[in-house]
file my_file-v8.pdb (PDB, C-alpha atoms, pLDDT in the B column)
MODEL        1
ATOM      1  CA  MET A   1      13.215 -25.970  57.539  1.00 42.00           C
ATOM      2  CA  LYS A   2      13.250 -23.981  54.301  1.00 46.00           C
ATOM      3  CA  SER A   3      10.548 -21.334  53.982  1.00 51.00           C
ATOM      4  CA  MET A   4       7.765 -22.060  51.524  1.00 53.00           C
ATOM      5  CA  SER A   5       7.111 -18.413  50.747  1.00 64.00           C
ATOM      6  CA  LEU A   6       8.902 -15.302  49.524  1.00 76.00           C
ATOM      7  CA  TYR A   7       8.618 -13.700  52.976  1.00 82.00           C
ATOM      8  CA  VAL A   8      11.899 -12.410  54.414  1.00 85.00           C
ATOM      9  CA  GLU A   9      12.235 -12.561  58.178  1.00 86.00           C
ATOM     10  CA  LYS A  10      13.422  -9.139  59.404  1.00 87.00           C
ATOM     11  CA  ASP A  11      12.799  -6.863  62.352  1.00 86.00           C
ATOM     12  CA  SER A  12      11.747  -3.606  60.727  1.00 90.00           C
ATOM     13  CA  ALA A  13       8.964  -1.060  61.003  1.00 90.00           C
ATOM     14  CA  ILE A  14       7.585  -2.207  57.630  1.00 92.00           C
ATOM     15  CA  HIS A  15       7.327  -5.803  58.841  1.00 91.00           C
ATOM     16  CA  ARG A  16       5.316  -4.679  61.859  1.00 91.00           C
ATOM     17  CA  VAL A  17       2.634  -2.980  59.761  1.00 92.00           C
ATOM     18  CA  ASP A  18      -0.489  -5.134  59.442  1.00 91.00           C
ATOM     19  CA  PRO A  19      -1.372  -6.775  56.073  1.00 91.00           C
ATOM     20  CA  ILE A  20      -4.576  -4.771  55.552  1.00 92.00           C
ATOM     21  CA  THR A  21      -2.686  -1.485  55.778  1.00 94.00           C
ATOM     22  CA  LYS A  22      -0.172  -2.797  53.240  1.00 95.00           C
ATOM     23  CA  LEU A  23      -3.040  -3.705  50.910  1.00 94.00           C
ATOM     24  CA  ALA A  24      -4.349  -0.173  51.364  1.00 95.00           C
ATOM     25  CA  TYR A  25      -0.908   1.143  50.400  1.00 96.00           C
ATOM     26  CA  ILE A  26      -0.941  -0.966  47.220  1.00 95.00           C
ATOM     27  CA  ALA A  27      -4.312   0.497  46.273  1.00 95.00           C
ATOM     28  CA  THR A  28      -3.046   4.013  47.009  1.00 96.00           C
ATOM     29  CA  ALA A  29       0.217   3.526  45.102  1.00 95.00           C
ATOM     30  CA  ILE A  30      -1.687   2.302  42.054  1.00 95.00           C
ATOM     31  CA  ALA A  31      -4.416   4.953  42.263  1.00 95.00           C
ATOM     32  CA  ILE A  32      -2.295   8.095  42.624  1.00 95.00           C
ATOM     33  CA  PRO A  33      -0.390   7.849  39.292  1.00 93.00           C
ATOM     34  CA  ILE A  34      -3.696   7.055  37.555  1.00 93.00           C
ATOM     35  CA  ILE A  35      -5.561   9.975  39.122  1.00 93.00           C
ATOM     36  CA  VAL A  36      -2.619  12.338  38.616  1.00 91.00           C
ATOM     37  CA  PRO A  37      -1.351  11.326  35.156  1.00 88.00           C
ATOM     38  CA  SER A  38       1.964  13.123  35.274  1.00 89.00           C
ATOM     39  CA  LEU A  39       5.507  11.858  35.014  1.00 91.00           C
ATOM     40  CA  HIS A  40       6.403  13.466  38.355  1.00 92.00           C
ATOM     41  CA  ALA A  41       3.634  11.647  40.245  1.00 92.00           C
ATOM     42  CA  ALA A  42       4.741   8.343  38.718  1.00 93.00           C
ATOM     43  CA  TRP A  43       8.408   8.604  39.674  1.00 94.00           C
ATOM     44  CA  VAL A  44       7.650   9.991  43.134  1.00 95.00           C
ATOM     45  CA  CYS A  45       5.350   7.026  43.886  1.00 94.00           C
ATOM     46  CA  MET A  46       7.980   4.652  42.510  1.00 95.00           C
ATOM     47  CA  LEU A  47      10.683   6.133  44.749  1.00 96.00           C
ATOM     48  CA  ILE A  48       8.381   5.907  47.779  1.00 96.00           C
ATOM     49  CA  SER A  49       7.743   2.206  47.097  1.00 95.00           C
ATOM     50  CA  PHE A  50      11.456   1.529  46.654  1.00 96.00           C
ATOM     51  CA  GLY A  51      12.198   3.550  49.782  1.00 95.00           C
ATOM     52  CA  LEU A  52       9.767   1.419  51.806  1.00 95.00           C
ATOM     53  CA  LEU A  53      11.448  -1.717  50.468  1.00 95.00           C
ATOM     54  CA  ALA A  54      14.784  -0.311  51.620  1.00 94.00           C
ATOM     55  CA  ALA A  55      13.308   0.601  55.009  1.00 93.00           C
ATOM     56  CA  GLY A  56      12.130  -2.984  55.357  1.00 93.00           C
ATOM     57  CA  ARG A  57      15.621  -4.208  54.403  1.00 92.00           C
ATOM     58  CA  VAL A  58      14.233  -6.352  51.579  1.00 93.00           C
ATOM     59  CA  PHE A  59      15.155  -4.210  48.573  1.00 93.00           C
ATOM     60  CA  ARG A  60      18.056  -6.485  47.649  1.00 91.00           C
ATOM     61  CA  ARG A  61      15.754  -9.520  47.758  1.00 90.00           C
ATOM     62  CA  GLY A  62      13.384  -7.798  45.344  1.00 91.00           C
ATOM     63  CA  LEU A  63      16.098  -6.718  42.911  1.00 91.00           C
ATOM     64  CA  ALA A  64      15.696  -9.850  40.783  1.00 88.00           C
ATOM     65  CA  VAL A  65      12.024  -9.073  40.111  1.00 89.00           C
ATOM     66  CA  ILE A  66      12.663  -5.359  39.658  1.00 92.00           C
ATOM     67  CA  GLY A  67      15.569  -6.087  37.307  1.00 91.00           C
ATOM     68  CA  PHE A  68      13.496  -8.462  35.179  1.00 90.00           C
ATOM     69  CA  VAL A  69      10.631  -5.974  34.895  1.00 92.00           C
ATOM     70  CA  GLY A  70      13.125  -3.202  34.183  1.00 92.00           C
ATOM     71  CA  PHE A  71      14.694  -5.235  31.375  1.00 91.00           C
ATOM     72  CA  VAL A  72      11.275  -5.688  29.765  1.00 91.00           C
ATOM     73  CA  LEU A  73      10.529  -1.977  30.157  1.00 93.00           C
ATOM     74  CA  VAL A  74      13.752  -1.062  28.329  1.00 93.00           C
ATOM     75  CA  THR A  75      12.159  -2.522  25.197  1.00 92.00           C
ATOM     76  CA  VAL A  76       9.113  -0.301  25.811  1.00 92.00           C
ATOM     77  CA  VAL A  77      11.357   2.767  25.971  1.00 93.00           C
ATOM     78  CA  ILE A  78      13.112   1.803  22.736  1.00 92.00           C
ATOM     79  CA  ILE A  79       9.910   1.071  20.817  1.00 92.00           C
ATOM     80  CA  GLN A  80       8.068   4.174  22.023  1.00 92.00           C
ATOM     81  CA  GLY A  81      11.092   6.387  21.488  1.00 91.00           C
ATOM     82  CA  PHE A  82      11.264   5.417  17.843  1.00 91.00           C
ATOM     83  CA  PHE A  83       7.627   4.707  16.934  1.00 90.00           C
ATOM     84  CA  HIS A  84       5.279   6.556  19.324  1.00 87.00           C
ATOM     85  CA  VAL A  85       2.354   8.162  17.470  1.00 86.00           C
ATOM     86  CA  GLY A  86       2.900  11.626  18.956  1.00 85.00           C
ATOM     87  CA  ASN A  87       6.629  11.846  18.225  1.00 87.00           C
ATOM     88  CA  GLU A  88       7.793  15.276  17.036  1.00 88.00           C
ATOM     89  CA  THR A  89      10.992  16.401  18.827  1.00 89.00           C
ATOM     90  CA  VAL A  90      14.113  14.492  17.831  1.00 90.00           C
ATOM     91  CA  LEU A  91      16.583  13.854  20.654  1.00 89.00           C
ATOM     92  CA  PHE A  92      19.192  11.913  18.679  1.00 89.00           C
ATOM     93  CA  THR A  93      19.472   9.562  15.745  1.00 90.00           C
ATOM     94  CA  VAL A  94      20.713   5.992  15.512  1.00 86.00           C
ATOM     95  CA  GLY A  95      21.923   5.711  11.966  1.00 84.00           C
ATOM     96  CA  THR A  96      18.940   7.002  10.001  1.00 87.00           C
ATOM     97  CA  TRP A  97      16.451   6.272  12.797  1.00 89.00           C
ATOM     98  CA  PRO A  98      15.399   9.325  14.892  1.00 91.00           C
ATOM     99  CA  PHE A  99      14.690   8.852  18.611  1.00 92.00           C
ATOM    100  CA  TYR A 100      12.019  11.238  19.912  1.00 91.00           C
ATOM    101  CA  LYS A 101      11.487  13.087  23.192  1.00 91.00           C
ATOM    102  CA  GLU A 102       7.700  12.523  23.264  1.00 91.00           C
ATOM    103  CA  GLY A 103       8.080   8.767  22.940  1.00 92.00           C
ATOM    104  CA  LEU A 104      10.741   8.724  25.657  1.00 92.00           C
ATOM    105  CA  LEU A 105       8.558  10.656  28.125  1.00 93.00           C
ATOM    106  CA  PHE A 106       5.560   8.450  27.355  1.00 93.00           C
ATOM    107  CA  ALA A 107       7.617   5.293  27.876  1.00 93.00           C
ATOM    108  CA  LEU A 108       9.135   6.632  31.106  1.00 94.00           C
ATOM    109  CA  GLY A 109       5.644   7.265  32.444  1.00 93.00           C
ATOM    110  CA  ILE A 110       4.673   3.663  31.705  1.00 94.00           C
ATOM    111  CA  SER A 111       7.926   2.361  33.199  1.00 94.00           C
ATOM    112  CA  PHE A 112       7.683   4.371  36.420  1.00 95.00           C
ATOM    113  CA  ARG A 113       4.071   3.270  36.953  1.00 95.00           C
ATOM    114  CA  ALA A 114       4.920  -0.376  36.314  1.00 95.00           C
ATOM    115  CA  LEU A 115       7.930  -0.323  38.649  1.00 95.00           C
ATOM    116  CA  ASN A 116       5.836   1.442  41.285  1.00 95.00           C
ATOM    117  CA  ILE A 117       3.212  -1.332  41.136  1.00 95.00           C
ATOM    118  CA  VAL A 118       5.915  -4.012  41.330  1.00 95.00           C
ATOM    119  CA  GLY A 119       7.533  -2.276  44.302  1.00 95.00           C
ATOM    120  CA  ALA A 120       4.208  -1.890  46.125  1.00 95.00           C
ATOM    121  CA  PHE A 121       3.374  -5.590  45.733  1.00 94.00           C
ATOM    122  CA  LEU A 122       6.902  -6.583  46.777  1.00 94.00           C
ATOM    123  CA  ILE A 123       6.394  -4.674  50.023  1.00 95.00           C
ATOM    124  CA  LEU A 124       3.447  -6.933  50.789  1.00 92.00           C
ATOM    125  CA  VAL A 125       4.975 -10.194  49.559  1.00 90.00           C
ATOM    126  CA  LEU A 126       8.442  -9.789  51.096  1.00 92.00           C
ATOM    127  CA  THR A 127       7.429  -8.343  54.477  1.00 93.00           C
ATOM    128  CA  THR A 128       4.208 -10.251  55.206  1.00 90.00           C
ATOM    129  CA  LYS A 129       3.741 -13.902  56.012  1.00 87.00           C
ATOM    130  CA  PRO A 130       1.156 -15.400  53.646  1.00 83.00           C
ATOM    131  CA  ALA A 131      -0.633 -17.012  56.588  1.00 81.00           C
ATOM    132  CA  ASP A 132      -0.961 -13.623  58.328  1.00 84.00           C
ATOM    133  CA  LEU A 133      -2.321 -12.010  55.161  1.00 85.00           C
ATOM    134  CA  VAL A 134      -4.897 -14.731  54.552  1.00 83.00           C
ATOM    135  CA  GLU A 135      -5.952 -14.800  58.201  1.00 84.00           C
ATOM    136  CA  ALA A 136      -6.420 -11.021  58.224  1.00 85.00           C
ATOM    137  CA  LEU A 137      -8.613 -11.233  55.114  1.00 85.00           C
ATOM    138  CA  VAL A 138     -10.651 -14.150  56.456  1.00 82.00           C
ATOM    139  CA  ARG A 139     -11.252 -12.251  59.703  1.00 84.00           C
ATOM    140  CA  ARG A 140     -12.788  -9.484  57.600  1.00 82.00           C
ATOM    141  CA  GLY A 141     -15.189 -11.738  55.741  1.00 80.00           C
ATOM    142  CA  LEU A 142     -13.185 -13.445  53.006  1.00 78.00           C
ATOM    143  CA  SER A 143     -14.306 -17.013  52.326  1.00 76.00           C
ATOM    144  CA  PRO A 144     -11.912 -19.560  53.905  1.00 74.00           C
ATOM    145  CA  ARG A 145     -11.920 -21.437  50.588  1.00 75.00           C
ATOM    146  CA  ILE A 146     -10.707 -18.363  48.716  1.00 76.00           C
ATOM    147  CA  GLY A 147      -8.220 -17.743  51.509  1.00 75.00           C
ATOM    148  CA  TYR A 148      -6.799 -21.234  51.065  1.00 73.00           C
ATOM    149  CA  VAL A 149      -6.453 -20.691  47.313  1.00 73.00           C
ATOM    150  CA  LEU A 150      -4.730 -17.341  47.905  1.00 73.00           C
ATOM    151  CA  ASN A 151      -2.339 -18.898  50.406  1.00 71.00           C
ATOM    152  CA  SER A 152      -1.534 -21.658  47.906  1.00 70.00           C
ATOM    153  CA  VAL A 153      -0.749 -19.090  45.201  1.00 69.00           C
ATOM    154  CA  PHE A 154       1.813 -17.393  47.461  1.00 68.00           C
ATOM    155  CA  GLN A 155       3.461 -20.730  48.230  1.00 67.00           C
ATOM    156  CA  ILE A 156       3.374 -22.533  44.897  1.00 68.00           C
ATOM    157  CA  ILE A 157       6.498 -20.997  43.317  1.00 66.00           C
ATOM    158  CA  PRO A 158       8.825 -21.444  46.338  1.00 68.00           C
ATOM    159  CA  GLN A 159       7.417 -24.939  46.862  1.00 70.00           C
ATOM    160  CA  MET A 160       8.024 -25.912  43.236  1.00 70.00           C
ATOM    161  CA  MET A 161      11.570 -24.530  43.437  1.00 71.00           C
ATOM    162  CA  ALA A 162      12.236 -26.533  46.599  1.00 72.00           C
ATOM    163  CA  THR A 163      10.824 -29.679  44.958  1.00 74.00           C
ATOM    164  CA  VAL A 164      12.961 -29.205  41.851  1.00 74.00           C
ATOM    165  CA  GLY A 165      16.056 -28.729  44.040  1.00 74.00           C
ATOM    166  CA  THR A 166      15.333 -31.897  46.003  1.00 77.00           C
ATOM    167  CA  ILE A 167      14.732 -33.989  42.868  1.00 75.00           C
ATOM    168  CA  THR A 168      17.842 -32.555  41.193  1.00 75.00           C
ATOM    169  CA  ASP A 169      19.962 -33.506  44.208  1.00 75.00           C
ATOM    170  CA  ALA A 170      18.461 -36.998  44.138  1.00 74.00           C
ATOM    171  CA  GLN A 171      19.276 -37.400  40.454  1.00 71.00           C
ATOM    172  CA  CYS A 172      22.827 -36.160  41.005  1.00 74.00           C
ATOM    173  CA  SER A 173      23.303 -38.796  43.711  1.00 74.00           C
ATOM    174  CA  ARG A 174      22.251 -41.424  41.149  1.00 68.00           C
ATOM    175  CA  GLY A 175      24.857 -40.251  38.633  1.00 68.00           C
ATOM    176  CA  VAL A 176      22.637 -38.125  36.369  1.00 64.00           C
ATOM    177  CA  GLU A 177      24.492 -35.176  34.835  1.00 63.00           C
ATOM    178  CA  THR A 178      22.701 -31.928  35.660  1.00 61.00           C
ATOM    179  CA  GLU A 179      25.518 -29.436  35.003  1.00 68.00           C
ATOM    180  CA  GLY A 180      27.392 -28.601  31.852  1.00 63.00           C
ATOM    181  CA  SER A 181      26.375 -27.457  28.389  1.00 66.00           C
ATOM    182  CA  LEU A 182      22.923 -26.238  27.395  1.00 66.00           C
ATOM    183  CA  MET A 183      22.003 -29.603  25.869  1.00 69.00           C
ATOM    184  CA  THR A 184      23.100 -31.399  29.044  1.00 67.00           C
ATOM    185  CA  ARG A 185      20.885 -29.127  31.135  1.00 66.00           C
ATOM    186  CA  ILE A 186      17.940 -29.653  28.782  1.00 69.00           C
ATOM    187  CA  LYS A 187      18.371 -33.425  28.952  1.00 67.00           C
ATOM    188  CA  ALA A 188      18.524 -33.226  32.753  1.00 65.00           C
ATOM    189  CA  PHE A 189      15.454 -30.961  32.903  1.00 67.00           C
ATOM    190  CA  LEU A 190      13.082 -33.220  30.980  1.00 69.00           C
ATOM    191  CA  PRO A 191      13.228 -36.101  33.502  1.00 69.00           C
ATOM    192  CA  LEU A 192      12.389 -33.572  36.237  1.00 70.00           C
ATOM    193  CA  LEU A 193       8.923 -32.834  34.858  1.00 71.00           C
ATOM    194  CA  GLY A 194       7.320 -36.152  35.776  1.00 73.00           C
ATOM    195  CA  PRO A 195       8.476 -36.257  39.425  1.00 74.00           C
ATOM    196  CA  VAL A 196       7.685 -32.555  39.952  1.00 73.00           C
ATOM    197  CA  VAL A 197       4.116 -32.924  38.634  1.00 73.00           C
ATOM    198  CA  LEU A 198       3.509 -36.116  40.611  1.00 77.00           C
ATOM    199  CA  SER A 199       4.964 -34.542  43.748  1.00 76.00           C
ATOM    200  CA  SER A 200       2.657 -31.526  43.346  1.00 72.00           C
ATOM    201  CA  LEU A 201      -0.382 -33.774  42.976  1.00 74.00           C
ATOM    202  CA  LEU A 202       0.587 -35.746  46.086  1.00 77.00           C
ATOM    203  CA  ASP A 203       1.115 -32.519  48.059  1.00 75.00           C
ATOM    204  CA  THR A 204      -2.325 -31.295  46.979  1.00 72.00           C
ATOM    205  CA  ARG A 205      -3.924 -34.578  48.070  1.00 75.00           C
ATOM    206  CA  GLU A 206      -2.153 -34.487  51.441  1.00 76.00           C
ATOM    207  CA  ARG A 207      -3.273 -30.904  52.041  1.00 73.00           C
ATOM    208  CA  THR A 208      -6.850 -31.795  51.159  1.00 73.00           C
ATOM    209  CA  LEU A 209      -6.870 -34.690  53.621  1.00 76.00           C
ATOM    210  CA  ALA A 210      -5.285 -32.523  56.313  1.00 74.00           C
ATOM    211  CA  LEU A 211      -7.908 -29.792  55.812  1.00 69.00           C
ATOM    212  CA  GLN A 212     -10.749 -32.293  55.972  1.00 69.00           C
ATOM    213  CA  ALA A 213      -9.321 -33.790  59.161  1.00 69.00           C
ATOM    214  CA  ARG A 214      -9.300 -30.298  60.697  1.00 63.00           C
ATOM    215  CA  GLY A 215     -12.948 -29.652  59.816  1.00 66.00           C
ATOM    216  CA  PHE A 216     -12.334 -27.200  56.992  1.00 66.00           C
ATOM    217  CA  ASN A 217     -15.737 -27.928  55.415  1.00 65.00           C
ATOM    218  CA  VAL A 218     -17.692 -27.875  58.666  1.00 66.00           C
ATOM    219  CA  PRO A 219     -20.407 -25.185  58.488  1.00 69.00           C
ATOM    220  CA  GLY A 220     -20.685 -22.513  61.126  1.00 68.00           C
ATOM    221  CA  ARG A 221     -18.637 -19.650  62.512  1.00 71.00           C
ATOM    222  CA  LYS A 222     -14.881 -20.181  62.352  1.00 68.00           C
ATOM    223  CA  THR A 223     -12.534 -19.474  65.225  1.00 70.00           C
ATOM    224  CA  PHE A 224      -8.845 -18.625  65.141  1.00 71.00           C
ATOM    225  CA  LEU A 225      -5.995 -20.149  67.090  1.00 68.00           C
ATOM    226  CA  ASN A 226      -4.015 -16.931  67.465  1.00 72.00           C
ATOM    227  CA  LYS A 227      -5.166 -13.530  68.608  1.00 75.00           C
ATOM    228  CA  GLU A 228      -5.168 -10.909  65.871  1.00 74.00           C
ATOM    229  CA  LYS A 229      -2.116  -8.680  65.913  1.00 76.00           C
ATOM    230  CA  ARG A 230      -3.014  -5.020  65.544  1.00 79.00           C
ATOM    231  CA  TYR A 231      -0.610  -2.309  64.427  1.00 82.00           C
ATOM    232  CA  ARG A 232      -1.153   0.693  66.675  1.00 85.00           C
ATOM    233  CA  HIS A 233      -0.708   3.264  63.900  1.00 88.00           C
ATOM    234  CA  ALA A 234      -2.828   1.404  61.328  1.00 89.00           C
ATOM    235  CA  GLY A 235      -5.791   3.769  61.608  1.00 91.00           C
ATOM    236  CA  ILE A 236      -3.620   6.855  61.139  1.00 94.00           C
ATOM    237  CA  LEU A 237      -1.843   5.394  58.113  1.00 93.00           C
ATOM    238  CA  ARG A 238      -5.076   4.334  56.421  1.00 94.00           C
ATOM    239  CA  LEU A 239      -6.659   7.717  57.084  1.00 95.00           C
ATOM    240  CA  ALA A 240      -3.585   9.460  55.656  1.00 95.00           C
ATOM    241  CA  MET A 241      -3.738   7.345  52.498  1.00 95.00           C
ATOM    242  CA  LEU A 242      -7.457   8.053  52.140  1.00 96.00           C
ATOM    243  CA  VAL A 243      -6.815  11.782  52.485  1.00 96.00           C
ATOM    244  CA  ILE A 244      -4.064  11.636  49.853  1.00 95.00           C
ATOM    245  CA  VAL A 245      -6.315   9.829  47.375  1.00 95.00           C
ATOM    246  CA  ALA A 246      -9.182  12.266  48.077  1.00 95.00           C
ATOM    247  CA  ALA A 247      -6.840  15.244  47.582  1.00 94.00           C
ATOM    248  CA  ALA A 248      -5.646  13.773  44.282  1.00 93.00           C
ATOM    249  CA  LEU A 249      -9.252  13.333  43.141  1.00 94.00           C
ATOM    250  CA  LEU A 250     -10.123  16.894  44.073  1.00 93.00           C
ATOM    251  CA  TRP A 251      -7.041  18.182  42.245  1.00 91.00           C
ATOM    252  CA  ARG A 252      -8.015  16.190  39.162  1.00 90.00           C
ATOM    253  CA  ILE A 253     -11.611  17.478  39.243  1.00 89.00           C
ATOM    254  CA  PHE A 254     -10.861  21.155  39.806  1.00 86.00           C
ATOM    255  CA  ALA A 255      -7.458  21.513  38.143  1.00 71.00           C
TER     256      ALA A 255
ENDMDL
END
call {"tool": "encode", "arguments": {"input": "my_file-v8.pdb", "output": "structure tokens"}}
result
Amino acid sequence: MKSMSLYVEKDSAIHRVDPITKLAYIATAIAIPIIVPSLHAAWVCMLISFGLLAAGRVFRRGLAVIGFVGFVLVTVVIIQGFFHVGNETVLFTVGTWPFYKEGLLFALGISFRALNIVGAFLILVLTTKPADLVEALVRRGLSPRIGYVLNSVFQIIPQMMATVGTITDAQCSRGVETEGSLMTRIKAFLPLLGPVVLSSLLDTRERTLALQARGFNVPGRKTFLNKEKRYRHAGILRLAMLVIVAAALLWRIFA
């Protein structure tokens, strides 16, 4: 059965870390470049996030997202290099247009921070089952309703892609042309919209009925089918991240 999430099944140390610790890492990875607003802090955090993706053997799976974000950030580098307000030092010229060092450094700072955030979230999404993440949050007080919505958000894109693939295969079996020129693809895409929307509505209705049958709305304390899995080094990792953030704050205050 095809997975309905972006999770990649691997046996790695990153996969064994619990979801709450990964959420703590995301918060730390975002906070450090903000607290320490230097280019070095940004690229070091970015490399750490990418290194953790590589350690989890999911870096290749995340390349599509990283590449798309990187492509967008190239435009930021170009615009800031030419038009940043604080530009003074010319690096080179393109025709009569000067490209400045200050704009480049400013854009690189933005790019490294953005890629760091993307990498940190990919660690969570690619190495954590959505069900495990939601269950861990619900165990710590999150509303089951919000947990269900969060779980649905993680699954909606893969589910829509699977639905589109199934409907496309069905149309191909009926003789509909789905490959070829751009116009042919556009003509094949339009008839997909109706079945995809209807299929999504039916899936939502079926999930609602299934949840009601399982007593989702019943008041009272909830129980869990599976015993919570605890990562033995979770406390040490969270304490280390807290110490790093505290050290960064102290450096920012007294520097």
call {"tool": "atom_distance", "arguments": {"input": "my_file-v8.pdb", "atom1": "CA of Pro130 (chain A)", "atom2": "CA of Asn151 (chain A)"}}
result
5.9 Å
call {"tool": "resolve_selection", "arguments": {"input": "my_file-v8.pdb", "expression": "the PyMOL selection byres ((chain A and resi 120-129) around 10)", "output": "count of residues only"}}
result
56
call {"tool": "resolve_selection", "arguments": {"input": "my_file-v8.pdb", "expression": "the PyMOL selection byres ((chain A and resi 245) around 12)", "output": "ChimeraX atom specification"}}
result
/A:24-25,27-36,238-244,246-252
call {"tool": "atom_distance", "arguments": {"input": "my_file-v8.pdb", "atom1": "CA of Cys172 (chain A)", "atom2": "CA of Arg207 (chain A)"}}
result
28.8 Å
call {"tool": "closest_residue", "arguments": {"input": "my_file-v8.pdb", "among": "A:Ala64, A:Val149, A:Ala136, A:Ile78", "to": "Val94 (chain A)", "atoms": "only C-alpha atoms"}}
result
A:Ile78
call {"tool": "axis_aligned_box", "arguments": {"input": "my_file-v8.pdb", "around": "region 78-97 of chain A", "padding_each_side": "3 Å", "output": "AutoDock Vina command-line options"}}
result
--center_x 12.1 --center_y 8.7 --center_z 16.4 --size_x 25.6 --size_y 21.3 --size_z 18.7
call {"tool": "closest_residue", "arguments": {"input": "my_file-v8.pdb", "among": "A:Gly67, A:Gly109, A:Gly165, A:Gly194", "to": "Ala41 (chain A)", "atoms": "only C-alpha atoms"}}
result
A:Gly109
call {"tool": "residues_around", "arguments": {"input": "my_file-v8.pdb", "residues": "Thr204 (chain A)", "least_positions_apart": "6", "cutoff": "10 Å", "atoms": "all atoms listed in the file", "output": "PDB file with C-alpha atoms, in the coordinates of the input"}}
result
ATOM      1  CA  SER A 152      -1.534 -21.658  47.906  1.00 70.00           C
ATOM      2  CA  LEU A 198       3.509 -36.116  40.611  1.00 77.00           C
ATOM      3  CA  ALA A 210      -5.285 -32.523  56.313  1.00 74.00           C
TER       4      ALA A 210
END
call {"tool": "atom_distance", "arguments": {"input": "my_file-v8.pdb", "atom1": "CA of Leu237 (chain A)", "atom2": "CA of Ile253 (chain A)"}}
result
24.4 Å
call {"tool": "residues_around", "arguments": {"input": "my_file-v8.pdb", "residues": "Thr163 (chain A)", "least_positions_apart": "2", "cutoff": "12 Å", "atoms": "only C-alpha atoms", "output": "number ranges by chain"}}
result
A: 2, 4, 156-161, 165-170, 192-200, 202-203
call {"tool": "closest_residue", "arguments": {"input": "my_file-v8.pdb", "among": "A:Thr93, A:Thr208, A:Ser38, A:Thr223", "to": "Val138 (chain A)", "atoms": "all atoms listed in the file"}}
result
A:Thr223
call {"tool": "closest_residue", "arguments": {"input": "my_file-v8.pdb", "among": "A:Phe112, A:Val69, A:His84, A:Ile236", "to": "Phe99 (chain A)", "atoms": "only C-alpha atoms"}}
result
A:His84
